[in-house]
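Notes follow the structure.
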Amino acid sequence: MSCSSCTNQPVTPEVFGAEGEHPDFPNGSTNPCKLCTPLGACLAFKGIAGAVPLLHGSQGCATYIRRYLISHFREPVDIASTNFSEDTAVFGGRKNLHTALDNVGRQYRPALVGIATTCLSETMGENMPMLLGEYRAEARDLPPEAERPELVHVSTPSFKGTHASGFHAAVRAIVTALAGTESPGATAESRLAIFPGMVSPEDLRHLRDFCAAWGEDAITLVPDYSETLDGPSWADFIRTPPGGTTIDELRALSHAKAALELGHSLATAPITAGTHLKTKFSVPLHRLGLPIGVRANDAFCTALAEATGRELPERIAAERGRLLDSYVDAHKYLAGKKAIVYGEDDLVAGLTVFLAETGVVPVLVASGERNGRLAEAIFTAAPELRNRIEVREGSDFGEIEQRIEELKPDMLIGSSKGYKLARSLGVPLVRCGFPVHDRLGAQRIRLLGYGGTQQLFDRIVNALLEAKQEHSDIGYSYL
Amino acid sequence: MTQPLEILPSRAASIVEAGQAGGSVRCGKVSVAGSVSQRACVFCGSRVVLYPIADALHLVHGPIGCAAYTWDIRGAQSSGPQLFRNSFSTDLQELDVIYGGEQKLERALRELIAKHKPKAAFVYGTCIVGLIGDDVAAVCKRLSAETGIPVLPVASEGFKGTKKDGYKAACEALYKLIGTGDTSEISPLSINLMGDFNIAGESWVIREYFERMGIQVVATITGDGRVDAIRRCHGAKLNLVQCSGSMTHLAKKMHEEHGIPFKRVSFFGIEDMSAALYDVAKFFGGEELMDKARAVVRDEVAKIYPQLRAWRDDLHGKKAAVYVGGAFKAFSLVRALRTLGMRTAVVGTQTGDADDYNTLREMCDPGTIIVDDSNPIELAKFCLEQDVDLFIGGVKERPIAYKLGIGFCDHNHERKECLAGFVGMLNFGREVHASVMSPVWNFVPRRAAKHAITPTAGAPKSKEAVA
Ligand code: SF4
Ligand code: SF4
């Protein structure tokens with residue numbers, strides 16, 4: 001068994017700022033704008049071919065996380081748990097972990113088991129690398145070497161970090177564990193690698209498409225849950241749904257042509273999957289924002305031009321042209337409109353930078369994340385916003401609500417968790433990000449690329465037009 | 001995909017077939033490690049039970065997840081305050097874990113009570129609170145003295161048992177409220193409704209039936225619950241306990257301490273709903289009351305029967321799989337499905353006990369698979385083997401059904417449909433009929449072969465055909 005964690009340090013999400021405390025809200029949270037760290041890790045593991053996530057802790061966390069993911073993706077999301085009991089909490093989780101690995105192996109025949117810790121096992125101080133090392137050494141009745149799953153461990157205490165940091169930590173753990181572990185003599189082609197962050201299955205498919213337009217027919221997306229979490233109807237039960245980044249692709253990352261890592265905030269994180277490839281294997285790294293809006297997409301295209309040596313494809317140029325044209329068509333509808341944007345740090349940064357291009361003022365940008373990077377990430381990418389908007393980390397809906405009266409937003413942009421607020425204000429909510437629990441098709445919401453921005457842009461404009469129409473006494477049908 | 005779906009050897013004893021000899025179903029055990037159990041944790045059990053108390057503050061003491069995942073996802077309704085629909089958490093951070101979270105808890109309670117002025121506060125302990133050793137009870141006592149409202153600790157650390165233990169912890173917390181209110185002006189014909197959570201207004205429906213019989217409902221525990229009503233509910237003469245798993249503990253305590261007898265009932269399906277009304281009439285005695293109960297049943301059944309009969313014609317002979325939390329609900333569903341002409345081919349629960357499974361064995365047709373604490377692979381296997389047309393369960397089971405092209409009815413706390421009472425039976429029938437009879441099943445791969453609708457070259461693949 002190739003137990004990655006025995007040789008590598010566990011990967012912990014980074015925490016910055018004043019001891020993780022929010023200066024204004026030191027006493028807890030009201031209606032959170034974040035989820036817990038292992039949820040992000042499970043999502044990332046779902047994007048690896050044949051992978052099964054396993055949470056080291058008690059049953060509840062796994063079940064809650066499953067239900068939350070299922071309600072968003074409307075797909076089966078199997079997450080195993082080591083099922084701690086009182087005894088386990090006292091004597092340690094060694095036996096449970098080993099039994100769980102046996103049972104997951106037997107039931108799912110996985111290619112990889114992604115082991116994420118929970119608050120409980122982290123507080124107990126479980127030594128995961130050691131426990132996994134022992135498992136490899138001790139277990140006797142395992143299938144032959146070639147059929148044993150990879151074991152990748154990521155440390156995901158929720159008392160530091162959010163689902164977004166858990167996602168990034170898991171991606172980093174996967175890449176750290178597997179890149180460069182091919183058997184000698186393997187000759188996989190040198191591909192473009194993309195670390196897209198927590199985006200929708202539709203956006204993942206779109207990224208492939210986008211790169212195909214640049215002549216890159218095969219790219220390595222890490223993770224890629226475009227099929228595993230948005231798949232077709234089945235004829236028979238499938239243990240681990242098809243799709244996902246394959247182990248071989250992950251091994252070959254060490255000689256990727258270039259790596260593109262998306263996320264304005266992630267771009268200044270000290271260690272990521274991308275920086276690992278760069279420092280260890282000298283893979284050229286482009287750290288970019290999520291390609292939403294003209295500027296971020298231009299930067300994305302510049303990076304692709306550099307990585308591929310090709311010029312902007314006509315098809316993409318045409319998409320860009322149409323997007324700009326619609327900016328012009330709609331500019332008066334949007335002028336001075338105020339939006340509150342909330343969600344994961346990279347998502348809100350991407351949305352904010354885009355909104356600034358259109359005339360919408362993102363008056364309040366709120367994230368549950370507390371890594372101290374968000375404001376700078378936004379102002380670096382959209383300097384015109386500096387000193388004009390509020391950016392809040394460690395935020396929650398309780399806090400957003402307190403700012404509403406003064407800010408008087410015209411719209412909310414973010415997950416379905418803002419619905420109650422939007423409803424009480426009587427303003428539209430443009431749904432994107434995670435979770436969207438009250439609409440169909442959360443997996444197919446597009447934001448990325450000029451084309452994805454176009455869809456988002458149309459939705460924003462039309463939401464405002466619709467609100468205007470509904471609130472008018474006359475009810476024009478010609479706007 | 002072609003590999004057989006395997007049952008873990010350690011799980012085999014938890015599965016039996018009705019009509020077959022064999023030992024009793026292994027149940028009431030902690031889930032097997034590495035099995036993808038559909039169960040939750042102790043905290044989940046407590047949260048389910050106490051959540052609908054609308055004018056209380058519910059503060060989850062722990063890291064964010066446990067609170068975030070239970071924020072406003074249930075269908076429990078309130079006729080007044082909406083405070084319960086918020087998610088309050090101490091959102092413990094690393095330093096709290098190291099130095100203890102008591103101070104943070106105290107500050108949070110003080111601030112939230114001042115801000116929201118609840119009638120009581122429940123403080124739920126989660127896993128790591130049990131580990132870092134916070135004295136939650138002491139903090140609650142202090143704050144109770146300081147603020148003048150009951151501040152009640154709920155010992156719901158996730159790893160300390162199963163969901164059932166969470167029910168018990170919730171009952172213990174509730175019990176501290178009971179007996180502290182004024183019981184004047186309570187009728188001799190009075191009951192409490194326990195274990196109904198007012199999902200989509202169900203408690204209101206049930207309450208109205210009893211009121212028509214001239215029976216006073218003192219407290220609904222906890223659907224559309226109010227702290228003051230719970231405080232005086234020991235003045236009622238009878239406790240009606242539905243969803244047996246969650247509230248029997250409280251009913252037993254009230255029996256011992258306050259001498260109030262209880263009856264286990266179910267409000268799902270015509271048979272069980274009627275039986276509940278008759279049981280209460282019998283308890284209080286008198287032909288007049290029984291006549292009133294009969295009148296309610298007669299009037300209500302007359303309203304729904306013609307429609308049910310029409311659906312029954314369509315649904316006759318269709319097969320269902322049932323996987324729910326408590327066994328009492330499973331019993332009711334087996335009967336309600338029969339009312340619709342359907343057969344239960346698979347039935348399982350998260351928390352049933354040995355007696356419950358024996359009852360299921362007796363009431364189900366031979367060949368029915370009966371299972372405790374199942375997981376997705378098993379459930380899928382049973383559904384395929386039994387070729388069911390409908391799955392009744394919760395959100396976690398829904399994708400298993402949908403992926404395999406099987407109809408689905410949500411019977412969990414998250415549902416937004418009223419399924420209790422006679423009107424609930426009508427809604428249930430409507431939902432089952434809508435799902436089972438949908439034309440989409442003609443196109444899904446599992447069924448398409450039978451209907452000879454398969455994609456040919458140039459034709460869209462089955463997925464697109466459905467979309
Ligand atoms: S204990 Fe931690 S990991 Fe588990 S649900 Fe709560 S926050 Fe998430
Ligand atoms: S941490 Fe414990 S209490 Fe919270 S969801 Fe997980 S198992 Fe339940």
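Starting from 1 in every chain, residues are counted up; chains themselves are A, B, ... following the order of the structure tokens, and ligands are numbered from 1 as listed.
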Inset, instruction - Pick out the residues sitting within 12 Å of Asp209 of chain A, and hand them over as a PyMOL selection string; count only C-alpha atoms, and ignore anything fewer than 5 positions along from it in its own chain. - result: chain A and resi 202-204+214-219+221+315-316+448-449+451-452
With N, CA and C atoms retained, could you export that selection as a compact mmCIF listing (two decimals), in the first residue's frame?
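New file out-v3.txt:
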```txt
# COMPACT_ATOMS: atom_id res chain seq x y z
N GLU A 202 -20.68 22.20 -13.94
CA GLU A 202 -20.81 22.83 -15.26
C GLU A 202 -19.56 23.66 -15.57
N ASP A 203 -19.09 24.40 -14.59
CA ASP A 203 -17.89 25.19 -14.81
C ASP A 203 -16.67 24.32 -15.06
N LEU A 204 -16.63 23.16 -14.42
CA LEU A 204 -15.51 22.24 -14.67
C LEU A 204 -15.54 21.79 -16.13
N TRP A 214 -8.29 26.31 -26.93
CA TRP A 214 -6.87 26.72 -27.03
C TRP A 214 -6.00 25.59 -27.57
N GLY A 215 -6.61 24.54 -27.98
CA GLY A 215 -5.85 23.42 -28.52
C GLY A 215 -5.39 22.42 -27.48
N GLU A 216 -5.82 22.62 -26.23
CA GLU A 216 -5.45 21.67 -25.16
C GLU A 216 -6.60 20.69 -24.95
N ASP A 217 -6.60 19.62 -25.72
CA ASP A 217 -7.74 18.70 -25.64
C ASP A 217 -7.75 17.92 -24.35
N ALA A 218 -6.58 17.64 -23.83
CA ALA A 218 -6.53 16.89 -22.57
C ALA A 218 -5.83 17.75 -21.52
N ILE A 219 -6.58 18.09 -20.49
CA ILE A 219 -5.97 18.80 -19.36
C ILE A 219 -6.23 17.98 -18.10
N LEU A 221 -7.60 18.31 -14.50
CA LEU A 221 -8.34 19.16 -13.56
C LEU A 221 -8.29 18.50 -12.19
N ARG A 315 -13.07 31.77 -31.38
CA ARG A 315 -14.32 31.49 -30.69
C ARG A 315 -14.39 32.21 -29.34
N ILE A 316 -13.25 32.17 -28.64
CA ILE A 316 -13.20 32.81 -27.32
C ILE A 316 -13.26 34.33 -27.50
N LEU A 448 -17.84 30.79 -14.95
CA LEU A 448 -16.48 30.97 -15.44
C LEU A 448 -16.41 31.17 -16.96
N GLY A 449 -15.34 31.80 -17.36
CA GLY A 449 -15.12 32.09 -18.78
C GLY A 449 -15.95 33.30 -19.17
N GLY A 451 -18.12 33.18 -21.41
CA GLY A 451 -19.48 32.63 -21.60
C GLY A 451 -20.22 32.47 -20.28
N GLY A 452 -19.53 31.98 -19.26
CA GLY A 452 -20.15 31.81 -17.96
C GLY A 452 -20.51 33.15 -17.35
```
Inset, instruction - Using only C-alpha atoms, find the residues of chain B whose closest atom to chain A is at most 6 Å away, then write them as JSON, numbers by chain. - result: {"B": [1, 33, 34, 35, 36, 40, 41, 63, 65, 87, 88, 89, 90, 91, 92, 93, 94, 104, 107, 108, 128, 159, 160, 396, 399, 403, 404, 445, 446, 463]}
Inset, instruction - Pick out the residues sitting within 10 Å of Gly348 of chain B, and hand them over as number ranges by chain; count only C-alpha atoms, and ignore anything fewer than 2 positions along from it in its own chain. - result: B: 14-15, 321-327, 330, 346, 350-352, 357, 360, 369-374, 379, 393
Legend entry - Members of segment 185-318 of chain B assigned alpha helix (DSSP H) by DSSP, as a ChimeraX atom specification: /B:202-212,227-231,244-258,270-284,287-315
Legend entry - Residue nearest ligand 2 among B:Ser31, B:Arg47, B:Val16, B:Cys127 (counting only C-alpha atoms and all ligand atoms): B:Cys127
Spatial neighbours of segment 133-140 of chain B, max dist 6 Å, only C-alpha atoms, sep filter under 6 positions, as a CSV table (one decimal) with all heavy atoms, in the first residue's frame:
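As a result, part_2.csv now contains:
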```
chain,number,residue,atom,x,y,z
B,102,GLU,N,-15.9,27.8,28.0
B,102,GLU,CA,-16.9,28.3,28.9
B,102,GLU,C,-17.2,29.8,28.9
B,102,GLU,O,-18.3,30.2,28.9
B,102,GLU,CB,-16.6,27.9,30.3
B,102,GLU,CG,-16.8,26.4,30.6
B,102,GLU,CD,-16.4,26.0,32.0
B,102,GLU,OE1,-16.5,26.8,32.9
B,102,GLU,OE2,-15.9,24.9,32.2
B,151,VAL,N,-32.2,28.3,31.6
B,151,VAL,CA,-31.2,28.0,30.6
B,151,VAL,C,-30.8,26.6,30.8
B,151,VAL,O,-30.3,26.2,31.9
B,151,VAL,CB,-30.0,29.0,30.8
B,151,VAL,CG1,-28.9,28.7,29.8
B,151,VAL,CG2,-30.4,30.4,30.7
B,153,PRO,N,-29.0,22.9,29.9
B,153,PRO,CA,-28.0,22.2,29.1
B,153,PRO,C,-28.6,20.9,28.5
B,153,PRO,O,-29.5,20.3,29.1
B,153,PRO,CB,-27.0,21.8,30.2
B,153,PRO,CG,-27.7,21.8,31.5
B,153,PRO,CD,-28.9,22.8,31.3
```
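Minimum atom-to-atom distances from B:Leu8, B:Val154, B:Leu83, B:Met425 to ligand 2 were compared using only C-alpha atoms and all ligand atoms, and the lowest value belongs to B:Val154.
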Legend entry - Which of B:Ile53, B:Cys233, B:Ile73, B:Leu131 sits closest to ligand 2 [using only C-alpha atoms and all ligand atoms]: B:Leu131
Legend entry - Non-local contacts of Ala293 of chain B (8 Å; only C-alpha atoms; under 3 positions in same chain excluded) as a PyMOL selection string: chain B and resi 213+277-278+281+289-290+296-297
Residue selection dump (N, CA, C and O atoms) as a PDB file, in the first residue's frame:
```
ATOM      1  N   MET B 213     -63.669  17.066  19.157  1.00  0.00           N
ATOM      2  CA  MET B 213     -64.232  16.098  20.104  1.00  0.00           C
ATOM      3  C   MET B 213     -64.460  16.721  21.478  1.00  0.00           C
ATOM      4  O   MET B 213     -64.916  16.037  22.398  1.00  0.00           O
ATOM      5  N   LEU B 277     -57.832   8.517  17.691  1.00  0.00           N
ATOM      6  CA  LEU B 277     -59.014   9.239  18.180  1.00  0.00           C
ATOM      7  C   LEU B 277     -59.876   8.325  19.059  1.00  0.00           C
ATOM      8  O   LEU B 277     -60.338   8.712  20.137  1.00  0.00           O
ATOM      9  N   TYR B 278     -60.077   7.078  18.605  1.00  0.00           N
ATOM     10  CA  TYR B 278     -60.896   6.141  19.384  1.00  0.00           C
ATOM     11  C   TYR B 278     -60.241   5.839  20.731  1.00  0.00           C
ATOM     12  O   TYR B 278     -60.915   5.738  21.760  1.00  0.00           O
ATOM     13  N   ALA B 281     -60.966   8.574  23.097  1.00  0.00           N
ATOM     14  CA  ALA B 281     -62.368   8.545  23.506  1.00  0.00           C
ATOM     15  C   ALA B 281     -62.582   7.440  24.539  1.00  0.00           C
ATOM     16  O   ALA B 281     -63.246   7.627  25.561  1.00  0.00           O
ATOM     17  N   LEU B 289     -68.574  10.805  23.845  1.00  0.00           N
ATOM     18  CA  LEU B 289     -67.241  11.136  23.325  1.00  0.00           C
ATOM     19  C   LEU B 289     -66.890  10.211  22.157  1.00  0.00           C
ATOM     20  O   LEU B 289     -66.356  10.646  21.130  1.00  0.00           O
ATOM     21  N   MET B 290     -67.238   8.916  22.334  1.00  0.00           N
ATOM     22  CA  MET B 290     -66.962   7.966  21.262  1.00  0.00           C
ATOM     23  C   MET B 290     -67.741   8.346  19.999  1.00  0.00           C
ATOM     24  O   MET B 290     -67.222   8.254  18.892  1.00  0.00           O
ATOM     25  N   VAL B 296     -65.956  12.521  13.709  1.00  0.00           N
ATOM     26  CA  VAL B 296     -64.754  13.112  13.088  1.00  0.00           C
ATOM     27  C   VAL B 296     -64.225  12.165  12.016  1.00  0.00           C
ATOM     28  O   VAL B 296     -63.961  12.570  10.876  1.00  0.00           O
ATOM     29  N   VAL B 297     -64.098  10.879  12.379  1.00  0.00           N
ATOM     30  CA  VAL B 297     -63.555   9.907  11.431  1.00  0.00           C
ATOM     31  C   VAL B 297     -64.446   9.833  10.188  1.00  0.00           C
ATOM     32  O   VAL B 297     -63.958   9.878   9.052  1.00  0.00           O
TER      33      VAL B 297
END
```
Legend entry - Selection near Leu262 of chain A, 9 Å with only C-alpha atoms, sequence-local residues under 2 positions removed, as a VMD selection string: chain A and resid 194 to 197 260 264 to 267 286 to 291 300 346
Cut-off 10 Å: closest chain B/ligand 2 atom pairs per residue, using only C-alpha atoms and all ligand atoms, as JSON lines:
```
{"residue": "B:Ala40", "atom": "CA", "partner": "ligand 2", "partner_atom_place_in_ligand_line": "8 (Fe)", "distance": 6.8}
{"residue": "B:Cys41", "atom": "CA", "partner": "ligand 2", "partner_atom_place_in_ligand_line": "8 (Fe)", "distance": 4.7}
{"residue": "B:Val42", "atom": "CA", "partner": "ligand 2", "partner_atom_place_in_ligand_line": "8 (Fe)", "distance": 6.3}
{"residue": "B:Phe43", "atom": "CA", "partner": "ligand 2", "partner_atom_place_in_ligand_line": "3 (S)", "distance": 4.7}
{"residue": "B:Cys44", "atom": "CA", "partner": "ligand 2", "partner_atom_place_in_ligand_line": "8 (Fe)", "distance": 6.3}
{"residue": "B:Gly45", "atom": "CA", "partner": "ligand 2", "partner_atom_place_in_ligand_line": "8 (Fe)", "distance": 9.2}
{"residue": "B:Ser46", "atom": "CA", "partner": "ligand 2", "partner_atom_place_in_ligand_line": "3 (S)", "distance": 9.9}
{"residue": "B:Arg47", "atom": "CA", "partner": "ligand 2", "partner_atom_place_in_ligand_line": "3 (S)", "distance": 9.9}
{"residue": "B:Val60", "atom": "CA", "partner": "ligand 2", "partner_atom_place_in_ligand_line": "4 (Fe)", "distance": 9.1}
{"residue": "B:His61", "atom": "CA", "partner": "ligand 2", "partner_atom_place_in_ligand_line": "4 (Fe)", "distance": 9.4}
{"residue": "B:Gly62", "atom": "CA", "partner": "ligand 2", "partner_atom_place_in_ligand_line": "4 (Fe)", "distance": 7.5}
{"residue": "B:Pro63", "atom": "CA", "partner": "ligand 2", "partner_atom_place_in_ligand_line": "1 (S)", "distance": 7.8}
{"residue": "B:Ile64", "atom": "CA", "partner": "ligand 2", "partner_atom_place_in_ligand_line": "4 (Fe)", "distance": 8.8}
{"residue": "B:Gly65", "atom": "CA", "partner": "ligand 2", "partner_atom_place_in_ligand_line": "5 (S)", "distance": 6.8}
{"residue": "B:Cys66", "atom": "CA", "partner": "ligand 2", "partner_atom_place_in_ligand_line": "4 (Fe)", "distance": 4.3}
{"residue": "B:Ala67", "atom": "CA", "partner": "ligand 2", "partner_atom_place_in_ligand_line": "4 (Fe)", "distance": 7.8}
{"residue": "B:Ala68", "atom": "CA", "partner": "ligand 2", "partner_atom_place_in_ligand_line": "5 (S)", "distance": 9.6}
{"residue": "B:Tyr69", "atom": "CA", "partner": "ligand 2", "partner_atom_place_in_ligand_line": "5 (S)", "distance": 8.1}
{"residue": "B:Thr70", "atom": "CA", "partner": "ligand 2", "partner_atom_place_in_ligand_line": "5 (S)", "distance": 9.1}
{"residue": "B:Tyr124", "atom": "CA", "partner": "ligand 2", "partner_atom_place_in_ligand_line": "3 (S)", "distance": 8.7}
{"residue": "B:Gly125", "atom": "CA", "partner": "ligand 2", "partner_atom_place_in_ligand_line": "3 (S)", "distance": 7.2}
{"residue": "B:Thr126", "atom": "CA", "partner": "ligand 2", "partner_atom_place_in_ligand_line": "3 (S)", "distance": 4.0}
{"residue": "B:Cys127", "atom": "CA", "partner": "ligand 2", "partner_atom_place_in_ligand_line": "2 (Fe)", "distance": 4.0}
{"residue": "B:Ile128", "atom": "CA", "partner": "ligand 2", "partner_atom_place_in_ligand_line": "1 (S)", "distance": 6.8}
{"residue": "B:Val129", "atom": "CA", "partner": "ligand 2", "partner_atom_place_in_ligand_line": "3 (S)", "distance": 9.0}
{"residue": "B:Gly130", "atom": "CA", "partner": "ligand 2", "partner_atom_place_in_ligand_line": "2 (Fe)", "distance": 9.2}
{"residue": "B:Ser156", "atom": "CA", "partner": "ligand 2", "partner_atom_place_in_ligand_line": "3 (S)", "distance": 6.8}
{"residue": "B:Glu157", "atom": "CA", "partner": "ligand 2", "partner_atom_place_in_ligand_line": "3 (S)", "distance": 5.2}
{"residue": "B:Gly158", "atom": "CA", "partner": "ligand 2", "partner_atom_place_in_ligand_line": "2 (Fe)", "distance": 3.5}
{"residue": "B:Phe159", "atom": "CA", "partner": "ligand 2", "partner_atom_place_in_ligand_line": "7 (S)", "distance": 5.7}
{"residue": "B:Lys160", "atom": "CA", "partner": "ligand 2", "partner_atom_place_in_ligand_line": "2 (Fe)", "distance": 8.8}
{"residue": "B:Gly161", "atom": "CA", "partner": "ligand 2", "partner_atom_place_in_ligand_line": "7 (S)", "distance": 9.8}
{"residue": "B:Thr162", "atom": "CA", "partner": "ligand 2", "partner_atom_place_in_ligand_line": "7 (S)", "distance": 9.5}
{"residue": "B:Lys163", "atom": "CA", "partner": "ligand 2", "partner_atom_place_in_ligand_line": "8 (Fe)", "distance": 9.3}
{"residue": "B:Gly166", "atom": "CA", "partner": "ligand 2", "partner_atom_place_in_ligand_line": "3 (S)", "distance": 9.8}
```
Inset, instruction - Pick out the residues sitting within 10 Å of Leu50 of chain B, and hand them over as a VMD selection string; count only C-alpha atoms, and ignore anything fewer than 2 positions along from it in its own chain. - result: chain B and resid 45 to 48 52 to 54 56 58 84 122 154 167 170 to 171 173 to 174 197 221 to 223 225
Using only N, CA and C atoms, please write the residues we just selected to a file, as a tab-separated table (two decimals), in the first residue's frame.
```tsv
chain	number	residue	atom	x	y	z
B	45	GLY	N	-30.37	13.86	17.36
B	45	GLY	CA	-31.59	13.43	18.03
B	45	GLY	C	-32.16	14.52	18.92
B	46	SER	N	-31.30	15.16	19.68
B	46	SER	CA	-31.77	16.24	20.57
B	46	SER	C	-32.29	17.42	19.77
B	47	ARG	N	-31.59	17.73	18.71
B	47	ARG	CA	-31.94	18.89	17.90
B	47	ARG	C	-33.31	18.68	17.24
B	48	VAL	N	-33.56	17.48	16.77
B	48	VAL	CA	-34.83	17.17	16.13
B	48	VAL	C	-35.97	17.42	17.11
B	52	PRO	N	-38.43	22.55	17.33
B	52	PRO	CA	-39.66	23.29	17.06
B	52	PRO	C	-40.14	24.19	18.20
B	53	ILE	N	-39.46	24.20	19.34
B	53	ILE	CA	-39.90	25.11	20.42
B	53	ILE	C	-39.55	26.53	19.98
B	54	ALA	N	-40.59	27.23	19.59
B	54	ALA	CA	-40.38	28.42	18.75
B	54	ALA	C	-39.88	29.63	19.52
B	56	ALA	N	-37.90	29.65	22.14
B	56	ALA	CA	-36.67	29.38	22.90
B	56	ALA	C	-35.46	29.74	22.05
B	58	HIS	N	-31.94	28.49	20.83
B	58	HIS	CA	-31.23	27.22	20.69
B	58	HIS	C	-29.78	27.53	20.34
B	84	PHE	N	-36.63	30.21	16.58
B	84	PHE	CA	-36.02	28.88	16.46
B	84	PHE	C	-35.42	28.62	15.09
B	122	PHE	N	-31.88	26.64	25.29
B	122	PHE	CA	-31.29	25.30	25.31
B	122	PHE	C	-29.86	25.40	24.82
B	154	VAL	N	-28.24	20.64	27.29
B	154	VAL	CA	-28.66	19.39	26.66
B	154	VAL	C	-27.40	18.56	26.43
B	167	TYR	N	-32.50	11.77	21.86
B	167	TYR	CA	-33.90	11.98	22.23
B	167	TYR	C	-34.02	12.06	23.75
B	170	ALA	N	-32.78	15.22	25.20
B	170	ALA	CA	-33.76	16.29	24.97
B	170	ALA	C	-34.91	16.17	25.96
B	171	CYS	N	-35.37	14.95	26.20
B	171	CYS	CA	-36.46	14.73	27.16
B	171	CYS	C	-36.04	15.20	28.55
B	173	ALA	N	-33.94	17.51	29.28
B	173	ALA	CA	-33.95	18.98	29.31
B	173	ALA	C	-35.39	19.50	29.41
B	174	LEU	N	-36.27	18.88	28.63
B	174	LEU	CA	-37.68	19.29	28.65
B	174	LEU	C	-38.28	19.08	30.04
B	197	PHE	N	-44.05	17.17	15.43
B	197	PHE	CA	-43.18	18.33	15.35
B	197	PHE	C	-43.73	19.42	14.44
B	221	ILE	N	-45.94	18.98	22.04
B	221	ILE	CA	-44.52	18.86	22.40
B	221	ILE	C	-43.83	18.02	21.34
B	222	THR	N	-43.10	18.69	20.50
B	222	THR	CA	-42.72	20.07	20.57
B	222	THR	C	-43.22	20.87	19.36
B	223	GLY	N	-44.07	20.31	18.49
B	223	GLY	CA	-44.49	21.03	17.30
B	223	GLY	C	-45.18	22.34	17.63
B	225	GLY	N	-44.15	24.51	19.42
B	225	GLY	CA	-44.03	24.48	20.88
B	225	GLY	C	-43.79	25.85	21.49
```
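The smallest atom-to-atom distance between Leu407 of chain A and any of A:Arg439, A:Lys338, A:Arg446, A:Arg431, using only C-alpha atoms, is found for A:Lys338.
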Inset, instruction - Using DSSP on the backbone coordinates, identify the residues of segment 104-250 of chain B assigned to strand (DSSP E); present them as a VMD selection string. - result: chain B and resid 120 to 125 151 to 154 190 to 196 216 to 222 238 to 241
